$ cat query.pdb   # PDB, C-alpha atoms and all ligand atoms
ATOM      1  CA  MET A   1     -11.618  10.953  13.393
ATOM      2  CA  ARG A   2      -9.177  13.600  12.136
ATOM      3  CA  THR A   3      -6.508  12.243  14.470
ATOM      4  CA  LEU A   4      -7.155   8.724  13.239
ATOM      5  CA  ALA A   5      -7.029   9.855   9.602
ATOM      6  CA  ARG A   6      -3.516  11.180  10.189
ATOM      7  CA  ALA A   7      -2.460   8.175  12.260
ATOM      8  CA  ILE A   8      -3.427   5.519   9.702
ATOM      9  CA  THR A   9      -1.458   7.195   6.901
ATOM     10  CA  GLY A  10       1.148   4.699   5.781
ATOM     11  CA  MET A  11      -0.486   1.737   7.522
ATOM     12  CA  GLU A  12      -1.475  -1.316   5.493
ATOM     13  CA  LEU A  13      -4.998  -0.879   4.080
ATOM     14  CA  PRO A  14      -7.692  -3.538   4.723
ATOM     15  CA  ALA A  15      -7.898  -6.092   1.859
ATOM     16  CA  VAL A  16     -11.196  -4.896   0.379
ATOM     17  CA  GLU A  17      -9.971  -1.279   0.340
ATOM     18  CA  LYS A  18      -6.832  -2.405  -1.491
ATOM     19  CA  ILE A  19      -8.893  -4.256  -4.070
ATOM     20  CA  SER A  20     -11.186  -1.267  -4.383
ATOM     21  CA  GLU A  21      -8.215   1.043  -5.054
ATOM     22  CA  SER A  22      -6.529  -1.288  -7.521
ATOM     23  CA  GLN A  23      -9.720  -2.120  -9.436
ATOM     24  CA  ALA A  24     -11.074   1.435  -9.815
ATOM     25  CA  GLU A  25     -13.915   0.777  -7.367
ATOM     26  CA  ASP A  26     -15.542  -1.966  -9.446
ATOM     27  CA  PRO A  27     -18.664  -2.883  -7.390
ATOM     28  CA  PHE A  28     -18.509  -6.515  -8.578
ATOM     29  CA  GLN A  29     -14.964  -7.059  -7.364
ATOM     30  CA  ILE A  30     -15.721  -5.255  -4.092
ATOM     31  CA  LEU A  31     -18.765  -7.490  -3.592
ATOM     32  CA  ILE A  32     -16.847 -10.719  -4.207
ATOM     33  CA  ALA A  33     -13.811  -9.671  -2.144
ATOM     34  CA  THR A  34     -16.073  -8.726   0.771
ATOM     35  CA  LEU A  35     -17.853 -12.090   0.569
ATOM     36  CA  LEU A  36     -14.467 -13.811   0.807
ATOM     37  CA  SER A  37     -13.172 -11.600   3.620
ATOM     38  CA  ALA A  38     -15.393 -12.782   6.495
ATOM     39  CA  ARG A  39     -13.261 -14.224   9.311
ATOM     40  CA  THR A  40     -10.225 -14.354   7.059
ATOM     41  CA  GLN A  41      -6.841 -12.644   7.315
ATOM     42  CA  ASP A  42      -6.488  -9.725   4.924
ATOM     43  CA  ALA A  43      -3.485 -11.163   3.086
ATOM     44  CA  THR A  44      -5.390 -14.414   2.481
ATOM     45  CA  THR A  45      -8.471 -12.541   1.208
ATOM     46  CA  HIS A  46      -6.368 -10.429  -1.128
ATOM     47  CA  ALA A  47      -4.506 -13.425  -2.577
ATOM     48  CA  ALA A  48      -7.708 -15.472  -3.006
ATOM     49  CA  SER A  49      -9.577 -12.582  -4.666
ATOM     50  CA  THR A  50      -6.676 -11.973  -7.041
ATOM     51  CA  ARG A  51      -6.604 -15.669  -8.092
ATOM     52  CA  LEU A  52     -10.382 -15.703  -8.608
ATOM     53  CA  PHE A  53     -10.500 -12.441 -10.627
ATOM     54  CA  LYS A  54      -7.620 -13.657 -12.800
ATOM     55  CA  ARG A  55      -9.795 -16.618 -13.782
ATOM     56  CA  ALA A  56     -13.118 -14.707 -14.094
ATOM     57  CA  ARG A  57     -13.661 -10.950 -14.015
ATOM     58  CA  THR A  58     -17.411 -10.634 -14.631
ATOM     59  CA  PRO A  59     -20.566 -12.106 -13.065
ATOM     60  CA  ARG A  60     -21.237 -14.047 -16.275
ATOM     61  CA  THR A  61     -17.800 -15.718 -16.467
ATOM     62  CA  MET A  62     -17.692 -16.360 -12.713
ATOM     63  CA  ALA A  63     -21.184 -17.917 -12.756
ATOM     64  CA  ARG A  64     -19.881 -20.464 -15.268
ATOM     65  CA  LEU A  65     -17.168 -21.730 -12.918
ATOM     66  CA  SER A  66     -17.997 -24.877 -10.981
ATOM     67  CA  VAL A  67     -18.226 -24.731  -7.188
ATOM     68  CA  PRO A  68     -15.175 -27.047  -6.807
ATOM     69  CA  GLU A  69     -13.144 -24.773  -9.086
ATOM     70  CA  ILE A  70     -14.121 -21.696  -7.058
ATOM     71  CA  GLU A  71     -13.246 -23.630  -3.893
ATOM     72  CA  ARG A  72      -9.817 -24.423  -5.304
ATOM     73  CA  LEU A  73      -9.213 -20.813  -6.327
ATOM     74  CA  ILE A  74     -10.246 -19.242  -3.012
ATOM     75  CA  TYR A  75      -8.726 -21.827  -0.631
ATOM     76  CA  PRO A  76      -7.558 -21.248   2.163
ATOM     77  CA  VAL A  77     -10.109 -18.528   3.060
ATOM     78  CA  SER A  78     -12.170 -19.663   6.008
ATOM     79  CA  PHE A  79     -15.458 -21.440   5.197
ATOM     80  CA  TYR A  80     -14.251 -21.675   1.587
ATOM     81  CA  ARG A  81     -16.864 -24.318   0.718
ATOM     82  CA  ASN A  82     -19.791 -22.141   1.827
ATOM     83  CA  LYS A  83     -18.235 -19.047   0.308
ATOM     84  CA  ALA A  84     -17.706 -20.822  -3.047
ATOM     85  CA  ARG A  85     -21.398 -21.760  -3.119
ATOM     86  CA  HIS A  86     -22.383 -18.179  -2.277
ATOM     87  CA  VAL A  87     -20.063 -16.718  -4.923
ATOM     88  CA  LYS A  88     -21.547 -18.919  -7.630
ATOM     89  CA  ALA A  89     -25.162 -18.375  -6.526
ATOM     90  CA  CYS A  90     -24.549 -14.651  -6.217
ATOM     91  CA  CYS A  91     -23.132 -14.454  -9.764
ATOM     92  CA  GLN A  92     -26.023 -16.515 -11.118
ATOM     93  CA  MET A  93     -28.496 -14.094  -9.537
ATOM     94  CA  LEU A  94     -26.585 -11.066 -10.866
ATOM     95  CA  VAL A  95     -26.883 -12.539 -14.361
ATOM     96  CA  ALA A  96     -30.495 -13.722 -14.123
ATOM     97  CA  ARG A  97     -32.057 -10.919 -12.117
ATOM     98  CA  PHE A  98     -29.850  -7.840 -12.340
ATOM     99  CA  GLY A  99     -28.574  -7.820 -15.934
ATOM    100  CA  CYS A 100     -24.999  -8.688 -14.854
ATOM    101  CA  GLN A 101     -24.789  -5.478 -12.804
ATOM    102  CA  VAL A 102     -24.343  -5.206  -9.058
ATOM    103  CA  PRO A 103     -27.481  -3.477  -7.728
ATOM    104  CA  SER A 104     -27.039  -0.179  -5.927
ATOM    105  CA  THR A 105     -29.676  -0.373  -3.179
ATOM    106  CA  MET A 106     -29.480  -2.017   0.233
ATOM    107  CA  GLU A 107     -32.717  -3.965  -0.385
ATOM    108  CA  GLU A 108     -31.547  -5.471  -3.671
ATOM    109  CA  LEU A 109     -28.045  -6.216  -2.409
ATOM    110  CA  MET A 110     -29.529  -8.089   0.559
ATOM    111  CA  GLU A 111     -31.354 -10.405  -1.866
ATOM    112  CA  LEU A 112     -27.999 -11.793  -3.051
ATOM    113  CA  PRO A 113     -26.932 -15.100  -1.451
ATOM    114  CA  GLY A 114     -24.463 -14.631   1.383
ATOM    115  CA  VAL A 115     -24.844 -10.839   1.454
ATOM    116  CA  GLY A 116     -25.668  -9.219   4.790
ATOM    117  CA  ARG A 117     -25.680  -5.603   5.890
ATOM    118  CA  LYS A 118     -21.896  -5.458   6.342
ATOM    119  CA  THR A 119     -21.195  -6.537   2.778
ATOM    120  CA  ALA A 120     -24.003  -4.425   1.336
ATOM    121  CA  ASN A 121     -22.808  -1.306   3.166
ATOM    122  CA  LEU A 122     -19.215  -1.788   2.012
ATOM    123  CA  VAL A 123     -20.328  -2.247  -1.612
ATOM    124  CA  LEU A 124     -22.450   0.911  -1.382
ATOM    125  CA  ILE A 125     -19.604   2.930   0.182
ATOM    126  CA  LEU A 126     -16.677   1.707  -1.927
ATOM    127  CA  GLY A 127     -18.451   0.718  -5.138
ATOM    128  CA  PHE A 128     -21.134   3.391  -5.370
ATOM    129  CA  LYS A 129     -19.538   6.186  -3.308
ATOM    130  CA  SER A 130     -22.493   6.326  -0.934
ATOM    131  CA  LEU A 131     -22.210   8.942   1.817
ATOM    132  CA  GLN A 132     -25.255   7.566   3.664
ATOM    133  CA  ASN A 133     -23.912   4.258   4.983
ATOM    134  CA  ILE A 134     -21.735   2.965   7.805
ATOM    135  CA  CYS A 135     -20.167  -0.464   7.404
ATOM    136  CA  VAL A 136     -19.845  -2.237  10.747
ATOM    137  CA  ASP A 137     -17.636  -5.295  11.107
ATOM    138  CA  THR A 138     -16.148  -6.776  14.282
ATOM    139  CA  HIS A 139     -13.428  -4.076  14.486
ATOM    140  CA  VAL A 140     -15.921  -1.205  14.177
ATOM    141  CA  HIS A 141     -18.256  -2.886  16.669
ATOM    142  CA  ARG A 142     -15.470  -3.500  19.207
ATOM    143  CA  ILE A 143     -13.737  -0.131  18.972
ATOM    144  CA  SER A 144     -16.825   2.077  18.941
ATOM    145  CA  ASN A 145     -17.940   0.303  22.132
ATOM    146  CA  ARG A 146     -14.486   0.691  23.737
ATOM    147  CA  LEU A 147     -14.446   4.388  22.843
ATOM    148  CA  GLY A 148     -17.874   4.803  24.400
ATOM    149  CA  TRP A 149     -19.498   6.029  21.175
ATOM    150  CA  VAL A 150     -22.131   3.294  21.458
ATOM    151  CA  ARG A 151     -23.224   0.695  23.961
ATOM    152  CA  THR A 152     -24.355  -2.318  21.936
ATOM    153  CA  ARG A 153     -24.133  -6.078  21.758
ATOM    154  CA  GLN A 154     -24.443  -6.819  18.034
ATOM    155  CA  PRO A 155     -22.885  -5.181  14.932
ATOM    156  CA  ASP A 156     -26.325  -4.445  13.415
ATOM    157  CA  GLU A 157     -27.276  -2.572  16.589
ATOM    158  CA  THR A 158     -23.943  -0.754  16.441
ATOM    159  CA  GLU A 159     -24.634   0.406  12.891
ATOM    160  CA  GLN A 160     -27.938   1.979  13.906
ATOM    161  CA  ALA A 161     -26.431   3.492  17.084
ATOM    162  CA  LEU A 162     -23.537   5.001  15.096
ATOM    163  CA  TYR A 163     -25.971   6.780  12.757
ATOM    164  CA  ARG A 164     -27.295   8.512  15.856
ATOM    165  CA  SER A 165     -24.011   9.185  17.672
ATOM    166  CA  THR A 166     -21.602  10.258  14.910
ATOM    167  CA  GLU A 167     -21.479  13.128  12.438
ATOM    168  CA  ARG A 168     -22.757  12.265   8.976
ATOM    169  CA  ARG A 169     -19.608  13.538   7.226
ATOM    170  CA  TRP A 170     -17.585  10.718   8.832
ATOM    171  CA  TRP A 171     -19.905   7.830   7.971
ATOM    172  CA  PRO A 172     -18.105   6.632   4.826
ATOM    173  CA  TYR A 173     -14.741   6.678   6.656
ATOM    174  CA  ILE A 174     -15.628   4.970   9.933
ATOM    175  CA  ASN A 175     -14.989   1.497   8.543
ATOM    176  CA  LEU A 176     -11.631   2.304   6.967
ATOM    177  CA  TYR A 177     -10.313   4.175  10.005
ATOM    178  CA  LEU A 178     -11.507   1.771  12.693
ATOM    179  CA  VAL A 179     -10.641  -1.422  10.798
ATOM    180  CA  THR A 180      -7.118  -0.131  10.148
ATOM    181  CA  TRP A 181      -6.825   0.926  13.815
ATOM    182  CA  GLY A 182      -8.223  -2.414  14.947
ATOM    183  CA  GLN A 183      -5.718  -4.383  12.916
ATOM    184  CA  ASN A 184      -2.735  -2.349  14.068
ATOM    185  CA  VAL A 185      -3.392  -0.791  17.503
ATOM    186  CA  CYS A 186      -6.800  -1.438  19.061
ATOM    187  CA  ARG A 187      -6.483  -5.186  18.630
ATOM    188  CA  PRO A 188      -9.111  -7.571  20.015
ATOM    189  CA  VAL A 189      -6.715  -8.886  22.662
ATOM    190  CA  TYR A 190      -4.103  -6.651  24.330
ATOM    191  CA  PRO A 191      -4.938  -3.380  22.606
ATOM    192  CA  ARG A 192      -1.868  -1.126  22.448
ATOM    193  CA  CYS A 193      -3.421   1.680  24.514
ATOM    194  CA  GLY A 194       0.041   3.029  25.398
ATOM    195  CA  ASP A 195       0.685   3.764  21.689
ATOM    196  CA  CYS A 196      -2.812   4.981  20.907
ATOM    197  CA  VAL A 197      -3.206   8.525  19.561
ATOM    198  CA  ILE A 198      -6.846   8.703  20.634
ATOM    199  CA  ALA A 199      -6.288   7.318  24.155
ATOM    200  CA  GLU A 200      -7.231  10.670  25.722
ATOM    201  CA  ASP A 201     -10.658  10.496  24.089
ATOM    202  CA  CYS A 202     -11.204   6.803  24.807
ATOM    203  CA  ARG A 203     -13.187   5.512  27.758
ATOM    204  CA  ARG A 204     -11.603   2.035  27.283
ATOM    205  CA  ILE A 205     -14.908   0.380  28.126
ATOM    206  CA  GLY A 206     -14.438  -3.340  28.649
ATOM    207  CA  VAL A 207     -10.645  -3.142  28.161
ATOM    208  CA  GLN A 208      -8.794  -5.135  30.761
ATOM    209  CA  GLY A 209      -5.182  -5.983  31.481
ATOM    210  CA  ARG A 210      -2.049  -3.944  31.241
ATOM    211  CA  GLU A 211      -1.263  -1.539  28.443
ATOM    212  CA  LEU A 212       1.258  -2.808  25.898
TER     213      LEU A 212
HETATM  214  S1  LIG B 301      -7.066   3.716  24.036
HETATM  215 FE1  LIG B 301      -6.939   1.480  23.880
HETATM  216  S2  LIG B 301      -9.073   0.774  23.817
HETATM  217 FE2  LIG B 301      -9.096   2.971  23.322
HETATM  218  S3  LIG B 301      -9.013   3.086  21.092
HETATM  219 FE3  LIG B 301      -6.912   3.238  21.846
HETATM  220  S4  LIG B 301      -6.125   1.124  21.807
HETATM  221 FE4  LIG B 301      -8.389   1.027  21.692
END

$ encode --input "query.pdb" --output "structure tokens"
Amino acid sequence: MRTLARAITGMELPAVEKISESQAEDPFQILIATLLSARTQDATTHAASTRLFKRARTPRTMARLSVPEIERLIYPVSFYRNKARHVKACCQMLVARFGCQVPSTMEELMELPGVGRKTANLVLILGFKSLQNICVDTHVHRISNRLGWVRTRQPDETEQALYRSTERRWWPYINLYLVTWGQNVCRPVYPRCGDCVIAEDCRRIGVQGREL
């Protein structure tokens, strides 16, 4: 992890991290940006989030937008129709049930429409500075299996396995480090093992083909 921390210095940050840095870790903006980010390129997520927050910055103002307007603002993120419905429903619930505040527990976050463990963990880590959570997305799932840290089939399983196999002090950083590594070096297809600073510690489980 220390090697990775040094190696990612200067690399482009994942979209939600960028939004988190630029918006002083506002849990609401982290929540919405994470909802938009699923299966979407970082640059697209960042641009869509910026357009949406320019139009509405609070749960109350965003809940007043119509679904078609949210769709227009967030297009072309993938599944923009579903995501627009979730954004509106999520904001409505924040207003009606949580006093316009993003809740700070896993259980309450999971009540929000469209919010799963990945989103909830990222909101807790970036928005509430939790040191108790690991956020597992496809990059974290793929790389921790390649490294041999875990042997799992699903991201939720990976999250639980990582709590057992990694040191607690690294939990809040695992997502940032592995997502950045996954976007730049340990890519889904043709990982750049020849340029990888942690190759010596990697078991390359399931990695096939030549090194690039
Ligand atoms: S050695 Fe290859 S598979 Fe292992 S972390 Fe590095 S890029 Fe990924």

$ axis_aligned_box --input "query.pdb" --around "ligand LIG 301 (chain B)" --padding-each-side "6 Å" --output "lines of an AutoDock Vina configuration file"
center_x = -7.6
center_y = 2.2
center_z = 22.6
size_x = 15.0
size_y = 14.9
size_z = 14.9

$ resolve_selection --input "query.pdb" --expression "the PyMOL selection byres (((chain A and resi 204) around 12) and not hetatm)" --output "list in words"
Arg142, Ile143, Ser144, Asn145, Arg146, Leu147, Gly148, Trp149, Cys186, Tyr190, Pro191, Arg192, Cys193, Gly194, Cys196, Ile198, Ala199, Glu200, Asp201, Cys202, Arg203, Ile205, Gly206, Val207, Gln208, Gly209, Arg210 and Glu211 of chain A

$ residues_around --input "query.pdb" --residues "A:Cys135" --least-positions-apart "5" --cutoff "12 Å" --atoms "only C-alpha atoms" --output "count of residues only"
34

$ atom_distance --input "query.pdb" --atom1 "atom CA of A:Val87" --atom2 "atom CA of A:Ile74"
10.3 Å

$ closest_residue --input "query.pdb" --among "A:Thr105, A:Gln92, A:Asn184, A:Gln154" --to "ligand LIG 301 (chain B)" --atoms "all atoms listed in the file"
A:Asn184

$ atom_distance --input "query.pdb" --atom1 "atom CA of A:Leu73" --atom2 "atom CA of A:Arg51"
6.0 Å

$ residues_around --input "query.pdb" --residues "A:Ile8" --least-positions-apart "3" --cutoff "8 Å" --atoms "only C-alpha atoms" --output "list in words"
Leu4, Ala5, Met11, Tyr177, Thr180 and Trp181 of chain A

$ atom_distance --input "query.pdb" --atom1 "atom CA of A:Thr50" --atom2 "atom CA of A:Cys90"
18.1 Å

$ closest_residue --input "query.pdb" --among "A:Arg151, A:Arg85, A:Arg187, A:Arg64" --to "ligand LIG 301 (chain B)" --atoms "only C-alpha atoms and all ligand atoms"
A:Arg187

$ closest_residue --input "query.pdb" --among "A:Arg168, A:Arg153, A:His139, A:Lys54" --to "ligand LIG 301 (chain B)" --atoms "only C-alpha atoms and all ligand atoms"
A:His139

$ residues_around --input "query.pdb" --residues "A:Glu25" --least-positions-apart "5" --cutoff "10 Å" --atoms "only C-alpha atoms" --output "list in words"
Val16, Glu17, Lys18, Ile19, Ser20, Ile30, Val123, Ile125, Leu126, Gly127, Phe128 and Lys129 of chain A

$ write_last_selection --input "query.pdb" --atoms "C-alpha atoms" --output "PDB file, keeping the file's coordinate frame"
ATOM      1  CA  VAL A  16     -11.196  -4.896   0.379  1.00  0.00           C
ATOM      2  CA  GLU A  17      -9.971  -1.279   0.340  1.00  0.00           C
ATOM      3  CA  LYS A  18      -6.832  -2.405  -1.491  1.00  0.00           C
ATOM      4  CA  ILE A  19      -8.893  -4.256  -4.070  1.00  0.00           C
ATOM      5  CA  SER A  20     -11.186  -1.267  -4.383  1.00  0.00           C
ATOM      6  CA  ILE A  30     -15.721  -5.255  -4.092  1.00  0.00           C
ATOM      7  CA  VAL A 123     -20.328  -2.247  -1.612  1.00  0.00           C
ATOM      8  CA  ILE A 125     -19.604   2.930   0.182  1.00  0.00           C
ATOM      9  CA  LEU A 126     -16.677   1.707  -1.927  1.00  0.00           C
ATOM     10  CA  GLY A 127     -18.451   0.718  -5.138  1.00  0.00           C
ATOM     11  CA  PHE A 128     -21.134   3.391  -5.370  1.00  0.00           C
ATOM     12  CA  LYS A 129     -19.538   6.186  -3.308  1.00  0.00           C
TER      13      LYS A 129
END

$ residues_near_point --input "query.pdb" --point "(-29.0, -4.8, -6.6)" --cutoff "6 Å" --atoms "only C-alpha atoms" --output "CSV table (one decimal) with C-alpha atoms, in the frame of the given file"
chain,number,residue,atom,x,y,z
A,102,VAL,CA,-24.3,-5.2,-9.1
A,103,PRO,CA,-27.5,-3.5,-7.7
A,104,SER,CA,-27.0,-0.2,-5.9
A,105,THR,CA,-29.7,-0.4,-3.2
A,108,GLU,CA,-31.5,-5.5,-3.7
A,109,LEU,CA,-28.0,-6.2,-2.4

$ residues_near_point --input "query.pdb" --point "(-17.1, -13.3, -1.6)" --cutoff "8 Å" --atoms "all atoms listed in the file" --output "number ranges by chain"
A: 31-37, 83-84, 86-87

$ resolve_selection --input "query.pdb" --expression "the PyMOL selection byres (((chain A and resi 47) around 10) and not hetatm)" --output "list in words"
Ala15, Asp42, Ala43, Thr44, Thr45, His46, Ala48, Ser49, Thr50, Arg51, Leu52, Leu73, Ile74, Tyr75, Pro76 and Val77 of chain A

$ build_atoms --input "query.pdb" --residues "stretch 33-57 of chain A" --atoms "N, CA, C and O atoms" --output "short mmCIF file (atom, residue, chain, number, x, y, z; two decimals), in the frame of the given file"
data_model
loop_
_atom_site.label_atom_id
_atom_site.label_comp_id
_atom_site.auth_asym_id
_atom_site.auth_seq_id
_atom_site.Cartn_x
_atom_site.Cartn_y
_atom_site.Cartn_z
N ALA A 33 -14.89 -9.72 -3.14
CA ALA A 33 -13.81 -9.67 -2.14
C ALA A 33 -14.39 -9.59 -0.73
O ALA A 33 -13.88 -10.21 0.20
N THR A 34 -15.48 -8.85 -0.56
CA THR A 34 -16.07 -8.73 0.77
C THR A 34 -16.69 -10.06 1.19
O THR A 34 -16.59 -10.45 2.36
N LEU A 35 -17.30 -10.76 0.24
CA LEU A 35 -17.85 -12.09 0.57
C LEU A 35 -16.75 -13.02 1.06
O LEU A 35 -16.94 -13.83 1.96
N LEU A 36 -15.58 -12.92 0.43
CA LEU A 36 -14.47 -13.81 0.81
C LEU A 36 -13.82 -13.40 2.12
O LEU A 36 -13.16 -14.20 2.78
N SER A 37 -13.99 -12.13 2.52
CA SER A 37 -13.17 -11.60 3.62
C SER A 37 -13.65 -12.00 5.02
O SER A 37 -12.88 -11.88 5.97
N ALA A 38 -14.88 -12.50 5.15
CA ALA A 38 -15.39 -12.78 6.50
C ALA A 38 -14.50 -13.78 7.24
O ALA A 38 -14.17 -14.84 6.71
N ARG A 39 -14.09 -13.39 8.42
CA ARG A 39 -13.26 -14.22 9.31
C ARG A 39 -12.01 -14.76 8.62
O ARG A 39 -11.61 -15.91 8.84
N THR A 40 -11.42 -13.93 7.78
CA THR A 40 -10.22 -14.35 7.06
C THR A 40 -9.19 -13.24 7.13
O THR A 40 -9.54 -12.06 7.07
N GLN A 41 -7.92 -13.63 7.28
CA GLN A 41 -6.84 -12.64 7.32
C GLN A 41 -6.83 -11.85 6.01
O GLN A 41 -7.10 -12.42 4.94
N ASP A 42 -6.47 -10.58 6.11
CA ASP A 42 -6.49 -9.72 4.92
C ASP A 42 -5.61 -10.25 3.79
O ASP A 42 -6.00 -10.22 2.63
N ALA A 43 -4.41 -10.71 4.14
CA ALA A 43 -3.48 -11.16 3.09
C ALA A 43 -4.08 -12.37 2.35
O ALA A 43 -3.96 -12.48 1.12
N THR A 44 -4.77 -13.23 3.09
CA THR A 44 -5.39 -14.41 2.48
C THR A 44 -6.54 -13.99 1.57
O THR A 44 -6.69 -14.51 0.45
N THR A 45 -7.36 -13.05 2.03
CA THR A 45 -8.47 -12.54 1.21
C THR A 45 -7.94 -11.93 -0.08
O THR A 45 -8.47 -12.18 -1.17
N HIS A 46 -6.91 -11.12 0.04
CA HIS A 46 -6.37 -10.43 -1.13
C HIS A 46 -5.83 -11.44 -2.14
O HIS A 46 -6.12 -11.35 -3.35
N ALA A 47 -5.08 -12.43 -1.66
CA ALA A 47 -4.51 -13.42 -2.58
C ALA A 47 -5.61 -14.25 -3.24
O ALA A 47 -5.58 -14.51 -4.45
N ALA A 48 -6.62 -14.65 -2.46
CA ALA A 48 -7.71 -15.47 -3.01
C ALA A 48 -8.51 -14.68 -4.04
O ALA A 48 -8.86 -15.19 -5.11
N SER A 49 -8.81 -13.42 -3.73
CA SER A 49 -9.58 -12.58 -4.67
C SER A 49 -8.80 -12.41 -5.96
O SER A 49 -9.37 -12.49 -7.05
N THR A 50 -7.51 -12.18 -5.85
CA THR A 50 -6.68 -11.97 -7.04
C THR A 50 -6.70 -13.23 -7.92
O THR A 50 -6.85 -13.14 -9.14
N ARG A 51 -6.57 -14.41 -7.30
CA ARG A 51 -6.60 -15.67 -8.09
C ARG A 51 -7.95 -15.82 -8.78
O ARG A 51 -8.04 -16.18 -9.96
N LEU A 52 -9.04 -15.52 -8.05
CA LEU A 52 -10.38 -15.70 -8.61
C LEU A 52 -10.64 -14.72 -9.76
O LEU A 52 -11.14 -15.10 -10.83
N PHE A 53 -10.25 -13.45 -9.58
CA PHE A 53 -10.50 -12.44 -10.63
C PHE A 53 -9.62 -12.68 -11.86
O PHE A 53 -9.98 -12.30 -12.96
N LYS A 54 -8.48 -13.32 -11.66
CA LYS A 54 -7.62 -13.66 -12.80
C LYS A 54 -8.32 -14.68 -13.68
O LYS A 54 -8.19 -14.70 -14.89
N ARG A 55 -9.09 -15.55 -13.06
CA ARG A 55 -9.80 -16.62 -13.78
C ARG A 55 -11.13 -16.12 -14.36
O ARG A 55 -11.55 -16.55 -15.42
N ALA A 56 -11.81 -15.21 -13.63
CA ALA A 56 -13.12 -14.71 -14.09
C ALA A 56 -13.32 -13.30 -13.55
O ALA A 56 -13.25 -13.09 -12.34
N ARG A 57 -13.58 -12.35 -14.43
CA ARG A 57 -13.66 -10.95 -14.02
C ARG A 57 -15.08 -10.40 -14.02
O ARG A 57 -15.31 -9.27 -13.60
#
